[in-house]
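Taking it in order: structure first as structure tokens, then the write-up.
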Amino acid sequence: MLSKLNPPQREAVKYLDGPLLVLAGAGSGKTRVITHKIVHMIEQCGYAPKEIAAITFTNKAAREMQERVGQLLSESPTLKAKPGKGLTIATFHSLGLQMLRQEAQSLGYKPQFSILDSSDSFKILADVLATTDKQLLKRTQWQISKWKNTFVTPDQATALSSKTQADEELTHAAAKIYQLYQQTLKAYQAVDFDDLIKLPVELFEQHPETLDKWQRKLKYLLIDEYQDTNTCQYRLVRLITGVEGRFTAVGDDDQAIYGWRGADVENLRGLTEDFPRLKVIKLEQNYRSTVRILRSANHLIANNPKLFEKKLWSDLGTGEQIQISAARDEVHEAEAVIMKLLAHKFEHRTRFADYAILYRGNHQARLFEEQLRGHKMPYTVSGGQSFFDRAEIKDLIAYLRLIANEDDDPAFIRAATTPKKGIGNTTLERLGEYAASRHVSLFEAAFEGAFQRLLGQKQLDDLLTFCNFINTMQHRAPREPAGDILNSMLSAIKYEAFLYDSEEPRAAETKWKNVMDFVDWLSKKGSSEEKNLLELTQTVALMSMLEGRENGEPDAVKLSTLHAAKGLEFGHVFLIGVEEGILPHRESVDNDKIEEERRLMYVGITRAQRSLHISWCRKRKRAGEMEVCEPSRFIAELPVADIRHFGGTATDPATSKEHGKERMAQIRAMLGKI
DNA sequence: TGGTTAGTCGTTTTT
DNA sequence: CGACTAACCA
């Protein structure tokens, strides 16, 4: 097995004498190192699968790694009998969830606590702050998250704020809100994403015996995308792997693109200080891209200060020049890119799946989706939570959350009111007031006689019908298959009829299809992992549907944000909207975040194996108004010899129209022949 | 209580 | 331009 690796890769796989940091440039085979190391440890070094945990950054990466390890294990001649069962391959968040679920009691939570996504916690904050000021709410949310990730308690936050002057009042207010927010979460028996990492850390620091238990359980950690680790996650790693540092961290400082989420590249440097015995291995051979693509990437990233010196090289041939096209506006850009893609596909006899269209912000996908649909081309959009953000899915999840955890008031409110079932604002307001005065959940309050006397007969009947329904589901959930319960729940609440009542037929149809997809996916997951509905509910909060749907469309053009594309590779990449204000994003330009934007561009470029097309618009519609755009400064940072402009450059707009037309006609003619 | 309508508001990236 | 909200009627 090791013969398939190059010398530094092999060294990284075999090294188990102490903490190891693998600095792996883009496309240098870092996943390969992790997967082979896992198998090597099981096969050659006597590790049991359940003693190893590999931590990835996204669910997608986790699933991919799971597959690759499974593949390697099944090929292994010595391990025929032993499957990789018990092996942990998970994101930080789902590992945290696993720990939290088992240790919930010692933190004052029940095991079936709810997990809130950022929009849930946003709503809670809006409630607590009693404001609709989005800016303020966003800032507060960000501040609280930052406090959580640096282990500042509400009390400490209050003390801290008195030292500063400028936004003392603001910070002080935020500290107060922080406290209320935490109390609210506890009352709902809910945790937010930050808590999933933070609470295990606190637990381990306060209960050495629990830490000891987990240290003995997880003997070795492999961490992917280490440059994206935040301080909290790093602390968790240090706790689990102990002073000996039983871990391999794999990362690339040039691909650090999650600084805004609290990830700190300093954690990479911190490793060398915290673990003096740290061994560093560099992987510098790129197995992915042509020389031109790689040279462009290197040339660009050379404008950033270096943390670790490394020189990536490739022997995959020079390859084509990088094409840089200017489009008249964003509609033309989408049109031109799709045309170009079709022509390219025809010319090179490739598959749809060989192409990716990458962009900075999710909304940029829309026009391209329209074009792709118009041309009947198969495509998939990856962009994280979009599926779970859909109203119809959130509706169902609200029911699931309430069934699993009756203290979850936000879920109660959503489920009680969608679809409408005669429970209106007045009823809920009274219920809320009563529940608050008695310090119980909405669900519990509904059953109390003192409250029931406050309602009219019809209101009470409607409310109790709903609560009794939830009660029934709570009893059935642990016993029956997830799929059965979901289906009977859907018919009980008449969800399909509700959709067709309140939507256009077409919209209702797609929504209902989404619901059915969701149900299918959950029931499959339930039976394959032998989990009941209650257990599934928590994991659902951490999933993005992407993985469930990807299987459906084997040969499709991939649309993805640059963030979501990290770790993936594509034969041919279109990098779109490469303009000032978008690729170095407006907000980042002011805030000293240019370097991270450059790394984002770097990530985009290095996704490409064979060809790269960059496009930008001379004009773009923004909030209904046409706005003049400039090409991104990053385009000027590419090596001149490796790029070729189409449709003119920033300083040379004259040729654009003629050339564009000519090129378009060419492409149309070519397509006509098919 | 629930649906409709006329205004307002604002667009990074994700677990 | 479109998504989301707050006041307004049935």
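Simple scheme: letters A, B, ... for chains in structure tokens order, numbers from 1 for residues in each chain, numbers from 1 for ligands in the order shown.
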
Report as a ChimeraX atom specification the set of chain A residues whose atoms approach chain C to within 10 Å, with distances computed over only C-alpha atoms (C1' of nucleotides). /A:621-625

Contact residues around Ala641 in chain A with only C-alpha atoms (C1' of nucleotides) at 12 Å, ignoring same-chain residues under 2 positions, as a ChimeraX atom specification: /A:292-293,295-296,299,318,320-323,636-639,643-645

Write down as a PyMOL selection string the residues of range 193-439 of chain A whose backbone DSSP state falls under alpha helix (DSSP H). chain A and resi 193-206+208-217+231-241+266-274+291-301+330-348+365-374+386-389+391-404+409-417+425-438

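Residue-level contacts from chain A to chain B at 7 Å, counting only C-alpha atoms (C1' of nucleotides), read A:His93, A:Phe193, A:Gly361, A:Gly384, A:Gly422, A:Gly424, A:Leu542, A:His563.
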
Output file for the residues above (N, CA and C atoms, as a tab-separated table (two decimals), in the first residue's frame):
chain	number	residue	atom	x	y	z
A	93	HIS	N	-17.83	19.41	14.75
A	93	HIS	CA	-19.14	19.61	15.36
A	93	HIS	C	-19.82	18.29	15.66
A	193	PHE	N	-24.17	26.14	17.57
A	193	PHE	CA	-23.01	25.49	16.96
A	193	PHE	C	-21.75	25.66	17.77
A	361	GLY	N	-20.21	34.45	-3.94
A	361	GLY	CA	-21.42	34.47	-3.12
A	361	GLY	C	-22.52	33.61	-3.71
A	384	GLY	N	-23.98	24.68	0.85
A	384	GLY	CA	-24.28	24.49	2.25
A	384	GLY	C	-25.75	24.34	2.57
A	422	GLY	N	-55.63	26.71	13.88
A	422	GLY	CA	-56.48	27.42	14.83
A	422	GLY	C	-55.75	27.97	16.05
A	424	GLY	N	-53.50	30.78	17.18
A	424	GLY	CA	-53.08	32.08	16.67
A	424	GLY	C	-52.26	32.87	17.66
A	542	LEU	N	-26.90	19.05	11.82
A	542	LEU	CA	-25.52	19.26	11.41
A	542	LEU	C	-25.26	18.90	9.95
A	563	HIS	N	-15.83	28.73	-1.10
A	563	HIS	CA	-15.65	28.08	0.20
A	563	HIS	C	-16.03	26.61	0.15

Backbone-only DSSP, strand (DSSP E) members of range 502-653 of chain A, as a PyMOL selection string: chain A and resi 557-561+570-575+608-617+619-622+625-628+643-646

C-alpha atoms of the current selection, written as a PDB file, in the first residue's frame:
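Written file, part_37.pdb:
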ATOM      1  CA  VAL A 557     -22.092  20.532 -13.920  1.00  0.00           C
ATOM      2  CA  LYS A 558     -21.116  21.620 -10.451  1.00  0.00           C
ATOM      3  CA  LEU A 559     -22.029  25.057  -9.150  1.00  0.00           C
ATOM      4  CA  SER A 560     -20.308  25.959  -5.942  1.00  0.00           C
ATOM      5  CA  THR A 561     -19.092  28.789  -3.778  1.00  0.00           C
ATOM      6  CA  PHE A 570     -12.463  19.510 -11.353  1.00  0.00           C
ATOM      7  CA  GLY A 571     -11.139  19.013 -14.845  1.00  0.00           C
ATOM      8  CA  HIS A 572     -12.259  22.417 -16.026  1.00  0.00           C
ATOM      9  CA  VAL A 573     -13.067  25.369 -13.846  1.00  0.00           C
ATOM     10  CA  PHE A 574     -14.930  28.597 -14.571  1.00  0.00           C
ATOM     11  CA  LEU A 575     -14.204  31.244 -11.987  1.00  0.00           C
ATOM     12  CA  ALA A 608      -8.635  23.196 -11.741  1.00  0.00           C
ATOM     13  CA  GLN A 609      -6.843  20.216 -13.226  1.00  0.00           C
ATOM     14  CA  ARG A 610      -6.674  20.938 -16.954  1.00  0.00           C
ATOM     15  CA  SER A 611      -8.192  24.301 -17.785  1.00  0.00           C
ATOM     16  CA  LEU A 612      -9.200  27.495 -16.058  1.00  0.00           C
ATOM     17  CA  HIS A 613     -11.510  30.230 -17.301  1.00  0.00           C
ATOM     18  CA  ILE A 614     -11.824  33.466 -15.397  1.00  0.00           C
ATOM     19  CA  SER A 615     -14.566  35.952 -16.188  1.00  0.00           C
ATOM     20  CA  TRP A 616     -15.623  39.406 -15.035  1.00  0.00           C
ATOM     21  CA  CYS A 617     -18.330  41.899 -15.936  1.00  0.00           C
ATOM     22  CA  LYS A 619     -21.299  46.278 -15.590  1.00  0.00           C
ATOM     23  CA  ARG A 620     -23.472  44.529 -13.097  1.00  0.00           C
ATOM     24  CA  LYS A 621     -26.944  45.072 -11.748  1.00  0.00           C
ATOM     25  CA  ARG A 622     -26.945  45.736  -8.067  1.00  0.00           C
ATOM     26  CA  GLU A 625     -29.250  49.649 -10.570  1.00  0.00           C
ATOM     27  CA  MET A 626     -26.583  49.104 -13.191  1.00  0.00           C
ATOM     28  CA  GLU A 627     -23.163  49.635 -11.730  1.00  0.00           C
ATOM     29  CA  VAL A 628     -19.786  49.930 -13.439  1.00  0.00           C
ATOM     30  CA  ILE A 643      -2.933  34.136 -19.352  1.00  0.00           C
ATOM     31  CA  ARG A 644      -4.880  35.208 -22.391  1.00  0.00           C
ATOM     32  CA  HIS A 645      -7.526  37.917 -22.507  1.00  0.00           C
ATOM     33  CA  PHE A 646     -10.807  37.654 -24.375  1.00  0.00           C
TER      34      PHE A 646
END

What's around Thr210 in chain A at 12 Å? Count only C-alpha atoms (C1' of nucleotides), leave out sequence neighbours fewer than 3 positions away in its own chain, and write the answer as a ChimeraX atom specification. /A:99-100,102-104,106-107,200-207,213-217,239-240

Quick one: write out the picked residues with N, CA and C atoms as a PDB file, in the first residue's frame?
ATOM      1  N   MET A  99     -19.833  13.585  21.947  1.00  0.00           N
ATOM      2  CA  MET A  99     -19.382  13.695  23.327  1.00  0.00           C
ATOM      3  C   MET A  99     -20.472  14.282  24.207  1.00  0.00           C
ATOM      4  N   LEU A 100     -21.082  15.333  23.690  1.00  0.00           N
ATOM      5  CA  LEU A 100     -22.094  16.041  24.454  1.00  0.00           C
ATOM      6  C   LEU A 100     -23.298  15.159  24.746  1.00  0.00           C
ATOM      7  N   GLN A 102     -23.372  12.006  25.114  1.00  0.00           N
ATOM      8  CA  GLN A 102     -23.081  11.032  26.158  1.00  0.00           C
ATOM      9  C   GLN A 102     -22.896  11.657  27.522  1.00  0.00           C
ATOM     10  N   GLU A 103     -22.431  12.891  27.545  1.00  0.00           N
ATOM     11  CA  GLU A 103     -22.115  13.517  28.828  1.00  0.00           C
ATOM     12  C   GLU A 103     -23.109  14.617  29.186  1.00  0.00           C
ATOM     13  N   ALA A 104     -24.247  14.633  28.488  1.00  0.00           N
ATOM     14  CA  ALA A 104     -25.185  15.754  28.657  1.00  0.00           C
ATOM     15  C   ALA A 104     -25.556  16.009  30.117  1.00  0.00           C
ATOM     16  N   SER A 106     -24.058  15.693  32.949  1.00  0.00           N
ATOM     17  CA  SER A 106     -23.143  16.424  33.831  1.00  0.00           C
ATOM     18  C   SER A 106     -23.078  17.905  33.483  1.00  0.00           C
ATOM     19  N   LEU A 107     -23.690  18.289  32.365  1.00  0.00           N
ATOM     20  CA  LEU A 107     -23.724  19.708  32.020  1.00  0.00           C
ATOM     21  C   LEU A 107     -25.121  20.295  32.214  1.00  0.00           C
ATOM     22  N   PRO A 200     -17.907  20.601  25.349  1.00  0.00           N
ATOM     23  CA  PRO A 200     -16.999  19.490  25.650  1.00  0.00           C
ATOM     24  C   PRO A 200     -15.677  19.962  26.254  1.00  0.00           C
ATOM     25  N   VAL A 201     -15.159  21.079  25.752  1.00  0.00           N
ATOM     26  CA  VAL A 201     -13.901  21.593  26.305  1.00  0.00           C
ATOM     27  C   VAL A 201     -14.083  21.917  27.777  1.00  0.00           C
ATOM     28  N   GLU A 202     -15.145  22.626  28.103  1.00  0.00           N
ATOM     29  CA  GLU A 202     -15.390  22.984  29.502  1.00  0.00           C
ATOM     30  C   GLU A 202     -15.602  21.746  30.353  1.00  0.00           C
ATOM     31  N   LEU A 203     -16.336  20.805  29.786  1.00  0.00           N
ATOM     32  CA  LEU A 203     -16.586  19.553  30.492  1.00  0.00           C
ATOM     33  C   LEU A 203     -15.280  18.851  30.841  1.00  0.00           C
ATOM     34  N   PHE A 204     -14.391  18.746  29.860  1.00  0.00           N
ATOM     35  CA  PHE A 204     -13.130  18.043  30.058  1.00  0.00           C
ATOM     36  C   PHE A 204     -12.239  18.773  31.052  1.00  0.00           C
ATOM     37  N   GLU A 205     -12.315  20.111  31.038  1.00  0.00           N
ATOM     38  CA  GLU A 205     -11.459  20.858  31.954  1.00  0.00           C
ATOM     39  C   GLU A 205     -11.959  20.759  33.390  1.00  0.00           C
ATOM     40  N   GLN A 206     -13.267  20.593  33.532  1.00  0.00           N
ATOM     41  CA  GLN A 206     -13.817  20.514  34.885  1.00  0.00           C
ATOM     42  C   GLN A 206     -13.877  19.084  35.418  1.00  0.00           C
ATOM     43  N   HIS A 207     -13.920  18.117  34.539  1.00  0.00           N
ATOM     44  CA  HIS A 207     -14.042  16.727  34.977  1.00  0.00           C
ATOM     45  C   HIS A 207     -12.904  15.882  34.396  1.00  0.00           C
ATOM     46  N   LYS A 213     -11.460   9.266  30.378  1.00  0.00           N
ATOM     47  CA  LYS A 213     -12.254   8.262  29.678  1.00  0.00           C
ATOM     48  C   LYS A 213     -12.148   8.456  28.152  1.00  0.00           C
ATOM     49  N   TRP A 214     -12.281   9.707  27.727  1.00  0.00           N
ATOM     50  CA  TRP A 214     -12.258   9.974  26.285  1.00  0.00           C
ATOM     51  C   TRP A 214     -10.854   9.846  25.713  1.00  0.00           C
ATOM     52  N   GLN A 215      -9.865  10.183  26.521  1.00  0.00           N
ATOM     53  CA  GLN A 215      -8.485  10.010  26.054  1.00  0.00           C
ATOM     54  C   GLN A 215      -8.176   8.539  25.826  1.00  0.00           C
ATOM     55  N   ARG A 216      -8.720   7.702  26.688  1.00  0.00           N
ATOM     56  CA  ARG A 216      -8.471   6.275  26.514  1.00  0.00           C
ATOM     57  C   ARG A 216      -9.269   5.723  25.337  1.00  0.00           C
ATOM     58  N   LYS A 217     -10.402   6.359  25.078  1.00  0.00           N
ATOM     59  CA  LYS A 217     -11.231   5.920  23.950  1.00  0.00           C
ATOM     60  C   LYS A 217     -10.604   6.328  22.609  1.00  0.00           C
ATOM     61  N   LEU A 239      -6.704  18.821  24.414  1.00  0.00           N
ATOM     62  CA  LEU A 239      -7.212  18.051  25.544  1.00  0.00           C
ATOM     63  C   LEU A 239      -7.245  16.564  25.204  1.00  0.00           C
ATOM     64  N   ILE A 240      -7.810  16.236  24.066  1.00  0.00           N
ATOM     65  CA  ILE A 240      -7.978  14.820  23.732  1.00  0.00           C
ATOM     66  C   ILE A 240      -6.635  14.138  23.481  1.00  0.00           C
TER      67      ILE A 240
END

One decimal, in Å: what's the spacing between CA of Pro8 in chain A and CA of Ile257 in chain A? 25.7 Å

Set the distance at 10 Å and use only C-alpha atoms (C1' of nucleotides): which residues neighbour Lys138 in chain A once local chain neighbours fewer than 6 positions away are removed? I'd like the list as a PyMOL selection string. chain A and resi 122+125-126+144

Could you save those same residues with all heavy atoms as a PDB file, in the first residue's frame?
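After the write, selection_3.pdb holds the following:
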ATOM      1  N   PHE A 122     -30.353  33.662  15.843  1.00  0.00           N
ATOM      2  CA  PHE A 122     -30.629  35.037  15.454  1.00  0.00           C
ATOM      3  C   PHE A 122     -32.008  35.472  15.950  1.00  0.00           C
ATOM      4  O   PHE A 122     -32.178  36.554  16.501  1.00  0.00           O
ATOM      5  CB  PHE A 122     -30.555  35.157  13.931  1.00  0.00           C
ATOM      6  CG  PHE A 122     -30.610  36.556  13.403  1.00  0.00           C
ATOM      7  CD1 PHE A 122     -29.450  37.302  13.276  1.00  0.00           C
ATOM      8  CD2 PHE A 122     -31.816  37.122  13.041  1.00  0.00           C
ATOM      9  CE1 PHE A 122     -29.497  38.593  12.791  1.00  0.00           C
ATOM     10  CE2 PHE A 122     -31.870  38.410  12.550  1.00  0.00           C
ATOM     11  CZ  PHE A 122     -30.705  39.149  12.429  1.00  0.00           C
ATOM     12  N   LEU A 125     -32.029  36.010  19.644  1.00  0.00           N
ATOM     13  CA  LEU A 125     -31.414  37.291  19.970  1.00  0.00           C
ATOM     14  C   LEU A 125     -32.368  38.444  19.684  1.00  0.00           C
ATOM     15  O   LEU A 125     -32.468  39.392  20.470  1.00  0.00           O
ATOM     16  CB  LEU A 125     -30.118  37.476  19.180  1.00  0.00           C
ATOM     17  CG  LEU A 125     -28.903  36.755  19.736  1.00  0.00           C
ATOM     18  CD1 LEU A 125     -27.703  36.965  18.839  1.00  0.00           C
ATOM     19  CD2 LEU A 125     -28.595  37.254  21.139  1.00  0.00           C
ATOM     20  N   ALA A 126     -33.061  38.350  18.561  1.00  0.00           N
ATOM     21  CA  ALA A 126     -34.030  39.397  18.213  1.00  0.00           C
ATOM     22  C   ALA A 126     -35.078  39.510  19.308  1.00  0.00           C
ATOM     23  O   ALA A 126     -35.504  40.606  19.678  1.00  0.00           O
ATOM     24  CB  ALA A 126     -34.674  39.084  16.872  1.00  0.00           C
ATOM     25  N   ILE A 144     -21.038  37.511  20.498  1.00  0.00           N
ATOM     26  CA  ILE A 144     -21.281  36.392  21.409  1.00  0.00           C
ATOM     27  C   ILE A 144     -20.506  35.164  20.951  1.00  0.00           C
ATOM     28  O   ILE A 144     -19.867  34.473  21.749  1.00  0.00           O
ATOM     29  CB  ILE A 144     -22.792  36.085  21.501  1.00  0.00           C
ATOM     30  CG1 ILE A 144     -23.487  37.212  22.269  1.00  0.00           C
ATOM     31  CG2 ILE A 144     -23.040  34.753  22.194  1.00  0.00           C
ATOM     32  CD1 ILE A 144     -24.988  37.065  22.348  1.00  0.00           C
TER      33      ILE A 144
END

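The spacing separating CA of Met543 in chain A from CA of Asp117 in chain A amounts to 10.9 Å.
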